[in-house]
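What follows is the content of target33.txt, which has compact mmCIF, C-alpha atoms:
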# COMPACT_ATOMS: atom_id res chain seq x y z
CA MET A 1 69.15 -36.75 -6.52
CA THR A 2 65.83 -37.17 -4.78
CA SER A 3 65.04 -33.53 -5.47
CA ASN A 4 65.78 -33.95 -9.20
CA VAL A 5 63.59 -37.05 -9.37
CA GLN A 6 60.77 -35.20 -7.64
CA THR A 7 61.19 -32.23 -10.00
CA ASN A 8 61.10 -34.51 -13.04
CA ASP A 9 58.07 -36.36 -11.71
CA LEU A 10 56.32 -33.07 -11.08
CA ALA A 11 57.18 -31.74 -14.53
CA GLU A 12 55.84 -34.93 -16.15
CA ALA A 13 52.68 -34.81 -14.03
CA MET A 14 52.17 -31.19 -15.04
CA ARG A 15 52.79 -31.97 -18.72
CA LEU A 16 50.23 -34.77 -18.64
CA ALA A 17 47.72 -32.60 -16.78
CA LEU A 18 48.04 -29.86 -19.41
CA LEU A 19 47.75 -32.35 -22.27
CA ARG A 20 44.69 -33.99 -20.78
CA ALA A 21 42.97 -30.66 -20.20
CA ASP A 22 43.36 -29.73 -23.88
CA PRO A 23 40.42 -31.20 -25.81
CA LYS A 24 42.40 -31.32 -29.06
CA LEU A 25 45.50 -33.00 -27.59
CA SER A 26 43.89 -35.09 -24.91
CA ARG A 27 43.02 -37.86 -27.34
CA PHE A 28 46.75 -38.32 -28.13
CA ASP A 29 49.63 -39.73 -26.05
CA PRO A 30 52.44 -37.50 -27.33
CA LEU A 31 56.06 -37.77 -26.25
CA PRO A 32 57.49 -34.66 -24.51
CA ARG A 33 58.03 -32.56 -27.66
CA ILE A 34 55.18 -32.15 -30.15
CA ILE A 35 56.81 -31.80 -33.58
CA SER A 36 53.47 -31.20 -35.31
CA HIS A 37 49.80 -31.48 -34.44
CA ASP A 38 47.61 -31.44 -37.52
CA SER A 39 43.93 -30.73 -37.24
CA PHE A 40 42.49 -30.30 -40.70
CA SER A 41 40.03 -27.57 -39.86
CA THR A 42 43.15 -25.40 -39.84
CA GLY A 43 44.26 -26.31 -43.36
CA HIS A 44 46.30 -28.99 -45.08
CA CYS A 45 49.06 -28.70 -42.44
CA GLY A 46 51.81 -29.56 -44.91
CA TRP A 47 50.30 -32.83 -46.17
CA SER A 48 51.07 -32.49 -49.87
CA GLN A 49 51.08 -34.70 -52.92
CA LEU A 50 53.91 -37.24 -53.22
CA VAL A 51 55.27 -36.30 -56.61
CA GLY A 52 57.68 -38.65 -58.36
CA ASN A 53 61.18 -37.69 -59.45
CA TYR A 54 61.76 -36.48 -63.02
CA GLU A 55 64.36 -34.77 -65.15
CA ASN A 56 63.74 -32.58 -68.20
CA ASP A 57 60.48 -34.33 -69.08
CA LEU A 58 57.54 -35.42 -66.88
CA ASP A 59 57.40 -38.62 -68.95
CA THR A 60 60.48 -39.79 -66.99
CA MET A 61 58.36 -40.10 -63.81
CA LEU A 62 57.69 -43.71 -62.78
CA PRO A 63 54.02 -44.66 -63.40
CA GLY A 64 53.38 -45.45 -59.74
CA TYR A 65 53.99 -41.81 -58.88
CA ALA A 66 52.37 -40.33 -62.00
CA GLN A 67 48.94 -41.48 -60.77
CA HIS A 68 49.11 -39.40 -57.56
CA THR A 69 46.86 -36.37 -57.01
CA SER A 70 46.65 -33.77 -54.26
CA ALA A 71 45.01 -34.59 -50.93
CA MET A 72 41.98 -32.44 -50.10
CA LEU A 73 40.00 -31.17 -47.15
CA SER A 74 36.76 -33.09 -46.83
CA THR A 75 33.65 -33.04 -44.67
CA LEU A 76 33.12 -36.72 -45.63
CA PRO A 77 29.98 -35.80 -47.57
CA HIS A 78 27.72 -38.68 -48.50
CA TRP A 79 24.93 -38.75 -51.04
CA ASP A 80 22.47 -40.36 -48.62
CA ALA A 81 23.27 -38.74 -45.28
CA GLY A 82 25.18 -35.52 -45.96
CA SER A 83 28.46 -34.53 -44.35
CA HIS A 84 29.76 -36.87 -41.68
CA GLY A 85 32.43 -34.47 -40.39
CA GLY A 86 35.49 -35.18 -38.28
CA MET A 87 35.98 -35.85 -34.56
CA GLY A 88 36.38 -32.26 -33.43
CA SER A 89 35.59 -30.21 -36.51
CA SER A 90 33.84 -30.50 -39.84
CA TYR A 91 37.04 -31.39 -41.72
CA ALA A 92 39.40 -34.27 -42.36
CA LEU A 93 42.24 -34.80 -44.81
CA LYS A 94 41.13 -37.01 -47.71
CA ILE A 95 43.49 -39.11 -49.82
CA ALA A 96 41.62 -40.49 -52.84
CA THR A 97 42.75 -43.04 -55.41
CA ARG A 98 41.66 -43.14 -59.00
CA PRO A 99 38.84 -45.59 -59.87
CA ARG A 100 41.07 -48.37 -61.21
CA LYS A 101 41.87 -51.63 -59.38
CA GLY A 102 45.30 -51.35 -57.77
CA ALA A 103 45.42 -47.54 -57.99
CA GLN A 104 47.18 -45.77 -55.13
CA ASN A 105 47.53 -42.26 -53.79
CA VAL A 106 49.99 -40.91 -51.25
CA ALA A 107 50.16 -37.72 -49.16
CA ILE A 108 53.48 -36.69 -47.66
CA LYS A 109 54.74 -34.35 -44.95
CA ARG A 110 58.44 -33.48 -45.24
CA HIS A 111 60.64 -32.61 -42.26
CA THR A 112 64.21 -33.24 -41.10
CA PHE A 113 65.15 -34.42 -37.62
CA ARG A 114 67.23 -32.60 -35.03
CA HIS A 115 67.52 -35.38 -32.47
CA ARG A 116 68.22 -39.12 -32.77
CA GLY A 117 65.70 -40.61 -30.45
CA LYS A 118 62.21 -41.98 -30.15
CA ILE A 119 59.45 -40.44 -32.23
CA ARG A 120 55.74 -41.24 -32.13
CA PHE A 121 53.28 -40.98 -35.03
CA GLU A 122 49.65 -40.89 -33.93
CA VAL A 123 46.69 -40.73 -36.31
CA TYR A 124 42.92 -40.94 -36.17
CA PHE A 125 41.82 -42.36 -39.51
CA THR A 126 39.10 -44.17 -41.38
CA PHE A 127 38.63 -45.51 -44.90
CA LYS A 128 35.80 -46.19 -47.33
CA PRO A 129 35.26 -46.85 -51.02
CA GLU A 130 33.35 -44.35 -53.13
CA ALA A 131 29.67 -45.13 -52.56
CA THR A 132 28.84 -45.88 -56.20
CA GLU A 133 26.83 -48.99 -55.30
CA LEU A 134 24.06 -49.65 -52.78
CA LYS A 135 26.13 -52.47 -51.30
CA LEU A 136 28.31 -52.95 -48.23
CA SER A 137 31.45 -52.77 -50.44
CA GLU A 138 33.68 -53.86 -47.55
CA THR A 139 36.23 -55.51 -49.86
CA ASP A 140 36.64 -52.61 -52.31
CA VAL A 141 39.44 -50.83 -50.43
CA ARG A 142 42.64 -52.88 -50.72
CA SER A 143 44.65 -51.13 -48.05
CA VAL A 144 45.46 -47.99 -46.17
CA GLY A 145 48.81 -47.42 -44.58
CA PHE A 146 51.72 -45.21 -43.74
CA LEU A 147 55.46 -45.06 -44.15
CA PHE A 148 58.38 -43.01 -42.95
CA ASP A 149 61.22 -42.00 -45.28
CA LEU A 150 64.33 -41.44 -43.19
CA GLN A 151 68.01 -40.95 -43.80
CA SER A 152 70.96 -40.78 -41.45
CA GLY A 153 73.00 -37.61 -40.87
CA ASP A 154 75.67 -36.48 -43.30
CA LYS A 155 78.56 -37.37 -40.95
CA ASP A 156 77.33 -40.86 -40.12
CA ALA A 157 79.46 -43.82 -41.13
CA ASP A 158 77.61 -46.33 -43.34
CA GLY A 159 74.72 -43.93 -43.89
CA GLN A 160 71.40 -45.51 -44.84
CA ARG A 161 68.03 -44.47 -46.14
CA VAL A 162 65.49 -46.30 -44.00
CA MET A 163 61.82 -46.62 -44.91
CA PRO A 164 59.50 -48.38 -42.45
CA HIS A 165 56.26 -49.32 -44.24
CA LEU A 166 53.04 -50.62 -42.69
CA ARG A 167 49.69 -51.18 -44.32
CA PHE A 168 46.36 -52.52 -43.16
CA LEU A 169 45.55 -54.98 -45.92
CA ASN A 170 41.77 -54.78 -45.83
CA ALA A 171 41.06 -56.88 -48.92
CA LEU A 172 42.85 -58.53 -51.80
CA ASP A 173 41.12 -59.75 -54.95
CA GLY A 174 37.77 -59.60 -53.22
CA GLN A 175 38.84 -61.48 -50.07
CA HIS A 176 38.31 -59.62 -46.80
CA VAL A 177 41.82 -60.18 -45.39
CA GLN A 178 42.12 -57.58 -42.59
CA LYS A 179 45.71 -57.79 -41.39
CA TRP A 180 48.78 -55.61 -40.94
CA GLN A 181 51.73 -56.04 -43.28
CA PHE A 182 55.21 -54.56 -43.60
CA LYS A 183 57.81 -54.32 -46.33
CA ARG A 184 61.56 -54.82 -46.28
CA ARG A 185 62.24 -54.85 -50.04
CA THR A 186 61.78 -52.18 -52.66
CA THR A 187 62.04 -52.13 -56.43
CA GLU A 188 65.31 -51.50 -58.22
CA LEU A 189 66.65 -47.93 -58.11
CA LYS A 190 66.34 -46.50 -61.62
CA PRO A 191 68.23 -43.48 -62.95
CA ILE A 192 65.89 -40.64 -63.94
CA GLY A 193 67.15 -38.60 -66.90
CA ASP A 194 70.81 -38.66 -67.91
CA SER A 195 72.60 -36.29 -65.54
CA ASP A 196 73.35 -38.94 -62.87
CA LYS A 197 71.74 -36.70 -60.24
CA THR A 198 68.37 -38.34 -59.71
CA LEU A 199 67.22 -41.88 -58.96
CA SER A 200 63.75 -43.24 -58.31
CA HIS A 201 62.30 -46.45 -56.90
CA TYR A 202 58.69 -47.45 -56.50
CA HIS A 203 58.61 -48.58 -52.89
CA LEU A 204 54.80 -49.01 -52.86
CA SER A 205 54.76 -51.63 -55.59
CA PRO A 206 52.29 -54.46 -54.85
CA GLU A 207 55.06 -57.04 -54.37
CA ASP A 208 57.01 -58.00 -51.25
CA TRP A 209 54.50 -57.17 -48.53
CA GLU A 210 54.94 -59.56 -45.58
CA ASP A 211 52.50 -60.37 -42.79
CA LEU A 212 53.22 -58.83 -39.43
CA PRO A 213 53.16 -61.84 -37.05
CA GLY A 214 49.95 -61.71 -35.03
CA GLY A 215 48.82 -58.84 -37.23
CA ALA A 216 45.25 -59.93 -37.99
CA GLN A 217 42.78 -57.29 -36.82
CA ARG A 218 39.11 -56.64 -37.52
CA LEU A 219 38.48 -52.90 -37.62
CA CYS A 220 35.12 -51.17 -37.36
CA TYR A 221 33.84 -50.84 -40.94
CA ASN A 222 30.16 -50.26 -40.13
CA GLU A 223 27.15 -51.41 -42.11
CA ILE A 224 26.85 -49.33 -45.28
CA PRO A 225 29.54 -47.58 -47.35
CA THR A 226 28.58 -44.14 -46.05
CA LYS A 227 28.91 -44.77 -42.31
CA ILE A 228 32.38 -44.33 -40.89
CA ASN A 229 34.07 -44.66 -37.50
CA TRP A 230 37.41 -43.14 -36.51
CA THR A 231 40.26 -45.51 -35.63
CA TYR A 232 43.34 -44.70 -33.51
CA LEU A 233 46.84 -45.68 -34.59
CA ALA A 234 50.23 -45.06 -32.94
CA PHE A 235 53.64 -46.08 -34.27
CA ASP A 236 56.88 -45.59 -32.31
CA PHE A 237 60.24 -45.53 -34.06
CA ASP A 238 63.77 -44.97 -32.76
CA LEU A 239 65.77 -42.63 -35.04
CA ASP A 240 68.99 -43.53 -33.22
CA GLU A 241 68.79 -47.28 -33.82
CA MET A 242 66.56 -46.80 -36.91
CA LYS A 243 64.27 -49.44 -35.46
CA ALA A 244 60.50 -49.78 -35.02
CA LEU A 245 59.46 -49.97 -31.38
CA SER A 246 55.71 -50.49 -31.32
CA LEU A 247 52.47 -50.40 -33.29
CA ARG A 248 49.14 -49.81 -31.60
CA CYS A 249 45.76 -49.71 -33.30
CA ASN A 250 42.72 -49.12 -31.11
CA ASP A 251 42.81 -51.73 -28.33
CA ARG A 252 45.59 -53.85 -29.88
CA THR A 253 49.37 -53.66 -29.47
CA PHE A 254 51.41 -55.62 -32.01
CA ASP A 255 54.72 -57.40 -31.55
CA MET A 256 57.28 -55.63 -33.73
CA SER A 257 60.23 -57.96 -33.08
CA ASP A 258 60.00 -59.40 -36.63
CA PHE A 259 59.37 -56.04 -38.28
CA GLU A 260 62.01 -54.69 -40.64
CA SER A 261 62.24 -51.53 -42.74
CA ILE A 262 63.33 -51.06 -46.31
CA ARG A 263 67.03 -50.17 -46.12
CA ILE A 264 69.05 -48.82 -49.02
CA PRO A 265 72.35 -46.92 -49.22
CA ALA A 266 72.15 -43.24 -48.30
CA MET A 267 71.35 -40.93 -51.21
CA LYS A 268 73.15 -37.71 -52.09
CA ASN A 269 70.70 -35.07 -50.93
CA LEU A 270 68.51 -36.52 -48.19
CA TRP A 271 70.50 -36.09 -44.94
CA CYS A 272 68.48 -36.18 -41.67
CA MET A 273 65.32 -36.62 -43.72
CA LEU A 274 62.16 -37.19 -41.67
CA ASN A 275 59.22 -37.71 -44.03
CA PHE A 276 55.82 -39.13 -43.20
CA CYS A 277 53.47 -40.61 -45.80
CA LEU A 278 49.86 -41.78 -45.68
CA PHE A 279 48.47 -43.85 -48.52
CA ALA A 280 45.40 -45.65 -49.88
CA GLU A 281 45.00 -48.44 -52.45
CA THR A 282 41.84 -49.64 -54.13
CA ASP A 283 41.01 -53.28 -54.85
CA ALA A 284 38.16 -52.46 -57.27
CA ASP A 285 37.54 -50.16 -60.21
CA LYS A 286 36.25 -47.70 -57.65
CA ARG A 287 37.93 -44.84 -55.77
CA ALA A 288 39.27 -45.66 -52.30
CA PHE A 289 39.31 -42.89 -49.71
CA LEU A 290 41.59 -42.62 -46.69
CA TYR A 291 40.33 -39.94 -44.32
CA VAL A 292 42.53 -38.56 -41.55
CA ASP A 293 40.92 -36.58 -38.74
CA SER A 294 44.14 -35.51 -37.06
CA VAL A 295 47.81 -36.37 -36.70
CA CYS A 296 50.21 -35.81 -33.82
CA ILE A 297 53.94 -36.36 -34.35
CA SER A 298 56.07 -36.12 -31.23
CA GLY A 299 59.60 -36.84 -30.08
CA ASP A 300 61.47 -37.68 -26.90
CA PHE A 301 63.92 -34.80 -26.69
CA MET B 1 44.82 -16.56 -38.68
CA LEU B 2 45.27 -15.99 -42.41
CA PRO B 3 42.55 -17.48 -44.60
CA GLU B 4 43.41 -20.86 -46.08
CA ASN B 5 44.46 -21.06 -49.69
CA ILE B 6 45.91 -23.97 -51.55
CA THR B 7 47.16 -25.02 -54.96
CA LEU B 8 46.10 -28.54 -55.90
CA VAL B 9 47.52 -30.44 -58.86
CA VAL B 10 44.60 -32.57 -60.00
CA GLY B 11 45.98 -33.71 -63.35
CA ARG B 12 49.67 -33.82 -64.28
CA ASN B 13 50.96 -34.96 -67.65
CA GLU B 14 47.62 -36.58 -68.44
CA ARG B 15 46.68 -37.25 -72.03
CA TRP B 16 43.15 -36.04 -72.55
CA SER B 17 41.13 -37.60 -75.36
CA GLY B 18 37.53 -38.74 -75.75
CA ALA B 19 35.42 -37.78 -72.74
CA ALA B 20 38.10 -36.37 -70.42
CA ALA B 21 37.76 -35.05 -66.87
CA THR B 22 39.88 -34.45 -63.81
CA GLU B 23 39.48 -36.46 -60.66
CA PRO B 24 36.82 -34.94 -58.34
CA VAL B 25 37.94 -32.26 -55.89
CA GLU B 26 36.21 -31.37 -52.64
CA ALA B 27 36.49 -27.64 -52.04
CA GLY B 28 33.52 -26.74 -49.86
CA TRP B 29 35.67 -24.64 -47.54
CA ALA B 30 36.75 -22.34 -50.37
CA ARG B 31 34.90 -19.22 -51.50
CA GLU B 32 36.56 -19.09 -54.87
CA ALA B 33 38.38 -21.34 -57.28
CA VAL B 34 40.61 -20.55 -60.24
CA ILE B 35 41.42 -23.47 -62.50
CA PHE B 36 44.26 -23.47 -65.01
CA VAL B 37 44.68 -26.06 -67.76
CA ARG B 38 48.09 -25.91 -69.45
CA ALA B 39 48.98 -27.80 -72.63
CA LEU B 40 52.24 -29.56 -71.77
CA LYS B 41 52.68 -30.84 -75.32
CA ALA B 42 51.54 -29.54 -78.69
CA PRO B 43 47.77 -30.27 -78.84
CA LYS B 44 46.65 -32.51 -81.70
CA GLY B 45 43.55 -31.84 -83.79
CA GLU B 46 40.64 -29.56 -83.06
CA GLN B 47 40.55 -28.50 -79.41
CA PRO B 48 37.22 -28.50 -77.57
CA VAL B 49 35.82 -26.04 -75.03
CA ALA B 50 36.55 -27.18 -71.47
CA ARG B 51 33.87 -26.71 -68.83
CA VAL B 52 33.64 -26.56 -65.06
CA GLU B 53 31.35 -29.19 -63.59
CA ILE B 54 29.78 -29.38 -60.14
CA SER B 55 28.16 -32.28 -58.35
CA PRO B 56 25.88 -33.12 -55.42
CA ASP B 57 27.91 -36.20 -54.50
CA GLY B 58 31.17 -36.40 -56.44
CA MET B 59 29.66 -39.03 -58.74
CA ARG B 60 26.97 -37.26 -60.79
CA TRP B 61 28.16 -34.17 -62.67
CA VAL B 62 26.45 -31.16 -64.22
CA ALA B 63 27.90 -28.20 -66.11
CA GLU B 64 28.30 -25.15 -63.88
CA GLY B 65 28.29 -22.73 -66.82
CA THR B 66 31.90 -21.55 -66.77
CA GLN B 67 33.92 -22.68 -69.76
CA ALA B 68 37.06 -21.84 -71.75
CA PRO B 69 38.58 -22.98 -75.05
CA MET B 70 41.34 -25.54 -74.57
CA PRO B 71 44.75 -24.14 -75.56
CA SER B 72 45.68 -24.66 -79.18
CA LEU B 73 49.45 -24.36 -78.69
CA LYS B 74 52.02 -26.00 -76.40
CA ASP B 75 52.24 -24.06 -73.10
CA GLY B 76 48.95 -22.33 -73.81
CA VAL B 77 46.77 -21.94 -70.72
CA ALA B 78 42.98 -22.04 -70.32
CA VAL B 79 41.55 -20.31 -67.24
CA MET B 80 38.22 -20.84 -65.50
CA ARG B 81 37.04 -18.93 -62.42
CA VAL B 82 34.12 -20.01 -60.24
CA LYS B 83 32.60 -18.69 -57.03
CA HIS B 84 29.48 -20.74 -56.40
CA PHE B 85 30.16 -24.44 -56.54
CA GLY B 86 28.99 -26.01 -53.27
CA ASN B 87 31.54 -28.72 -52.52
CA TRP B 88 32.52 -30.73 -55.59
CA LEU B 89 34.47 -29.45 -58.59
CA ARG B 90 36.03 -30.90 -61.71
CA VAL B 91 36.96 -29.85 -65.24
CA ALA B 92 35.77 -31.81 -68.26
CA ALA B 93 36.24 -31.64 -72.02
CA ASP B 94 35.00 -33.81 -74.90
CA TYR B 95 37.50 -34.56 -77.67
CA ARG B 96 36.83 -35.67 -81.21
CA PRO B 97 38.39 -39.03 -82.12
CA ASP B 98 41.40 -37.47 -83.86
CA SER B 99 42.26 -34.89 -81.21
CA GLU B 100 44.04 -34.88 -77.86
CA CYS B 101 45.98 -32.70 -75.43
CA THR B 102 48.45 -33.56 -72.63
CA VAL B 103 47.54 -31.33 -69.71
CA LEU B 104 48.57 -29.96 -66.36
CA VAL B 105 45.45 -29.02 -64.39
CA THR B 106 45.80 -26.97 -61.22
CA VAL B 107 43.03 -25.79 -58.91
CA HIS B 108 43.68 -22.71 -56.76
CA LEU B 109 41.31 -22.38 -53.83
CA LYS B 110 40.88 -19.53 -51.38
CA ALA B 111 38.76 -19.32 -48.24
Could you render the structure as structure tokens?
Amino acid sequence: MTSNVQTNDLAEAMRLALLRADPKLSRFDPLPRIISHDSFSTGHCGWSQLVGNYENDLDTMLPGYAQHTSAMLSTLPHWDAGSHGGMGSSYALKIATRPRKGAQNVAIKRHTFRHRGKIRFEVYFTFKPEATELKLSETDVRSVGFLFDLQSGDKDADGQRVMPHLRFLNALDGQHVQKWQFKRRTTELKPIGDSDKTLSHYHLSPEDWEDLPGGAQRLCYNEIPTKINWTYLAFDFDLDEMKALSLRCNDRTFDMSDFESIRIPAMKNLWCMLNFCLFAETDADKRAFLYVDSVCISGDF
Amino acid sequence: MLPENITLVVGRNERWSGAAATEPVEAGWAREAVIFVRALKAPKGEQPVARVEISPDGMRWVAEGTQAPMPSLKDGVAVMRVKHFGNWLRVAADYRPDSECTVLVTVHLKA
């Protein structure tokens, strides 16, 4: 017993030593298995456009999804200061909305899970509005956030689709709100087409966001719209209990005991789904940009 | 490592009329871009010539010089190829008041 404990301790010490000696991984706190580590100087790393469901005709796509465009690789170039660059390379993933108040855009990474246990989602991110005005513009980005889209295994009793959502509500109708919110309700599931094979629901509709208790946080915005600073975020979720475990953002850890996910009945073709989404919303008739320097998704298995 | 290449959908099922343009794309890492504009529905009225535009900042746009007639039939495809574009790219077209086209615009980038 003692020998096994010592072996495990040694293995963990060695794992941490290797992680901390790797300049690209050292800034993360991954669980024992790294599912993916995305550094955007190596490409888009599977972060693609969230396209809405349709059947026979693209006009059947819900409008919330129709507005989405592809994420791009950006050097964060600014008209007044040139390229800002990322933390460890010149590139970051950029998710840009259209220039219309309330517009959203979403990038998605689609996996399935092989183990029901704890997973960790770590991101270095920042956000800014398009610098169309020589003003601070700190209330032009409504929010940036992330969600998981999960479904139980095909042999599970009472299978569910579970969608934890969190957003940093930066501003709303010009007010600089700065707080974390979650969502437990979605819009009605609507049939798409007439074959009874496809449904769609707009889970990022503006309604039904709820404040995370104690979730007020002032992030580093900087002093003009073309200066950015990278922010750390980590979210832990248990795929066995389908329950959020913790949210950390920079120096703050938030109480998740009142957090709840969107839960709907399991759908026909989504078993063991493990999807990750990143999104941006604008609060002005101006593009909002969510930039992601790097992402590390890890699991305890 | 293989060189990066990517297909981006920058306009899907969008009805172009008046002064139309795609959302800006940053593509500074790419050495070449091929842009396809497909007419998803039967175009209405006289179809303009589409043009590639480049920009110093993603906000101010100038014609790059590459252009192609917009398709005149449903499922017709216009193609534009560019090699020197700096960072920012978009496609634009100016429609007369009585004309329009519903488009799928894809940008294919290669390092």
Can you build me a table of chain A residues sitting at most 10 Å from chain B, with the closest atom pair per residue and its distance in Å to one decimal, using all atoms listed in the file, sorted by chain and residue number, as a Markdown table?
| residue | atom | partner | partner_atom | distance |
| --- | --- | --- | --- | --- |
| A:Ser41 | CA | B:Trp29 | CA | 9.3 |
| A:Thr42 | CA | B:Glu4 | CA | 7.7 |
| A:Gly43 | CA | B:Glu4 | CA | 6.2 |
| A:His44 | CA | B:Ile6 | CA | 8.2 |
| A:Ser48 | CA | B:Leu8 | CA | 8.8 |
| A:Gln49 | CA | B:Val9 | CA | 8.1 |
| A:Val51 | CA | B:Arg12 | CA | 9.8 |
| A:Asp57 | CA | B:Asn13 | CA | 9.6 |
| A:Leu58 | CA | B:Asn13 | CA | 6.6 |
| A:Asp59 | CA | B:Asn13 | CA | 7.5 |
| A:Met61 | CA | B:Asn13 | CA | 9.8 |
| A:Ala66 | CA | B:Arg12 | CA | 7.4 |
| A:Gln67 | CA | B:Arg12 | CA | 8.5 |
| A:His68 | CA | B:Val10 | CA | 8.5 |
| A:Thr69 | CA | B:Val10 | CA | 5.3 |
| A:Ser70 | CA | B:Leu8 | CA | 5.5 |
| A:Ala71 | CA | B:Leu8 | CA | 7.9 |
| A:Met72 | CA | B:Glu26 | CA | 6.4 |
| A:Leu73 | CA | B:Glu26 | CA | 6.7 |
| A:Ser74 | CA | B:Glu26 | CA | 6.1 |
| A:Thr75 | CA | B:Gly28 | CA | 8.2 |
| A:Leu76 | CA | B:Glu26 | CA | 9.3 |
| A:Pro77 | CA | B:Asp57 | CA | 7.2 |
| A:His78 | CA | B:Asp57 | CA | 6.5 |
| A:Trp79 | CA | B:Asp57 | CA | 5.2 |
| A:Asp80 | CA | B:Asp57 | CA | 9.0 |
| A:Gly82 | CA | B:Asp57 | CA | 9.0 |
| A:Ser90 | CA | B:Trp29 | CA | 9.8 |
| A:Tyr91 | CA | B:Trp29 | CA | 9.0 |
| A:Lys94 | CA | B:Glu26 | CA | 9.0 |
| A:Ala96 | CA | B:Glu23 | CA | 9.1 |
| A:Thr97 | CA | B:Glu23 | CA | 9.0 |
| A:Arg98 | CA | B:Glu23 | CA | 7.2 |
| A:Pro99 | CA | B:Glu23 | CA | 9.2 |
| A:Glu130 | CA | B:Met59 | CA | 8.6 |
| A:Ala131 | CA | B:Met59 | CA | 8.7 |
| A:Thr132 | CA | B:Met59 | CA | 7.4 |
| A:Arg287 | CA | B:Glu23 | CA | 9.8 |
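The residue set within 6 Å of Phe168 (chain A), counting only C-alpha atoms and dropping same-chain residues fewer than 5 places from it, reads Ser143, Val144, Gly145, Lys179 and Trp180 of chain A.
Taking CA of Glu133 (chain A) and CA of Thr282 (chain A) as endpoints, the distance between them is 15.1 Å.
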Within 7 Å of file point (58.5, -49.4, -53.4), counting all atoms listed in the file, expressed as a PDB file with C-alpha atoms, in the frame of the given file:
ATOM      1  CA  THR A 186      61.780 -52.180 -52.660  1.00  0.00           C
ATOM      2  CA  THR A 187      62.040 -52.130 -56.430  1.00  0.00           C
ATOM      3  CA  HIS A 201      62.300 -46.450 -56.900  1.00  0.00           C
ATOM      4  CA  TYR A 202      58.690 -47.450 -56.500  1.00  0.00           C
ATOM      5  CA  HIS A 203      58.610 -48.580 -52.890  1.00  0.00           C
ATOM      6  CA  LEU A 204      54.800 -49.010 -52.860  1.00  0.00           C
ATOM      7  CA  SER A 205      54.760 -51.630 -55.590  1.00  0.00           C
TER       8      SER A 205
END
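Non-sequential neighbours of region 41-48 of chain B (distance at most 8 Å, separation of 4 or more positions within a chain, only C-alpha atoms) are Pro69, Met70, Pro71, Ser72, Leu73, Lys74, Asp75, Ala93, Asp94, Tyr95, Arg96, Asp98, Ser99, Glu100, Cys101, Thr102 and Val103 of chain B.
The gap separating CA of Ile95 (chain A) from CA of Asn229 (chain A) is 16.5 Å, in Å to one decimal.
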Since the input is missing atoms for region 71-82 of chain B, could you rebuild it with N, CA and C atoms and give the result as a CSV table (one decimal), in the frame of the given file?
chain,number,residue,atom,x,y,z
B,71,PRO,N,43.7,-24.8,-74.8
B,71,PRO,CA,44.8,-24.1,-75.6
B,71,PRO,C,45.0,-24.9,-76.9
B,72,SER,N,45.4,-24.1,-77.9
B,72,SER,CA,45.7,-24.7,-79.2
B,72,SER,C,47.2,-24.8,-79.4
B,73,LEU,N,48.0,-24.3,-78.5
B,73,LEU,CA,49.4,-24.4,-78.7
B,73,LEU,C,50.1,-24.9,-77.4
B,74,LYS,N,51.3,-25.5,-77.6
B,74,LYS,CA,52.0,-26.0,-76.4
B,74,LYS,C,52.3,-24.8,-75.5
B,75,ASP,N,52.1,-25.1,-74.2
B,75,ASP,CA,52.2,-24.1,-73.1
B,75,ASP,C,51.1,-23.0,-73.1
B,76,GLY,N,50.1,-23.2,-73.9
B,76,GLY,CA,49.0,-22.3,-73.8
B,76,GLY,C,48.2,-22.7,-72.5
B,77,VAL,N,47.5,-21.7,-72.0
B,77,VAL,CA,46.8,-21.9,-70.7
B,77,VAL,C,45.3,-21.5,-70.8
B,78,ALA,N,44.4,-22.4,-70.4
B,78,ALA,CA,43.0,-22.0,-70.3
B,78,ALA,C,42.7,-21.7,-68.9
B,79,VAL,N,41.8,-20.7,-68.6
B,79,VAL,CA,41.6,-20.3,-67.2
B,79,VAL,C,40.0,-20.3,-67.0
B,80,MET,N,39.6,-20.9,-65.9
B,80,MET,CA,38.2,-20.8,-65.5
B,80,MET,C,38.1,-20.4,-64.0
B,81,ARG,N,37.2,-19.4,-63.8
B,81,ARG,CA,37.0,-18.9,-62.4
B,81,ARG,C,35.6,-19.2,-62.0
B,82,VAL,N,35.5,-19.7,-60.8
B,82,VAL,CA,34.1,-20.0,-60.2
B,82,VAL,C,34.0,-19.6,-58.8
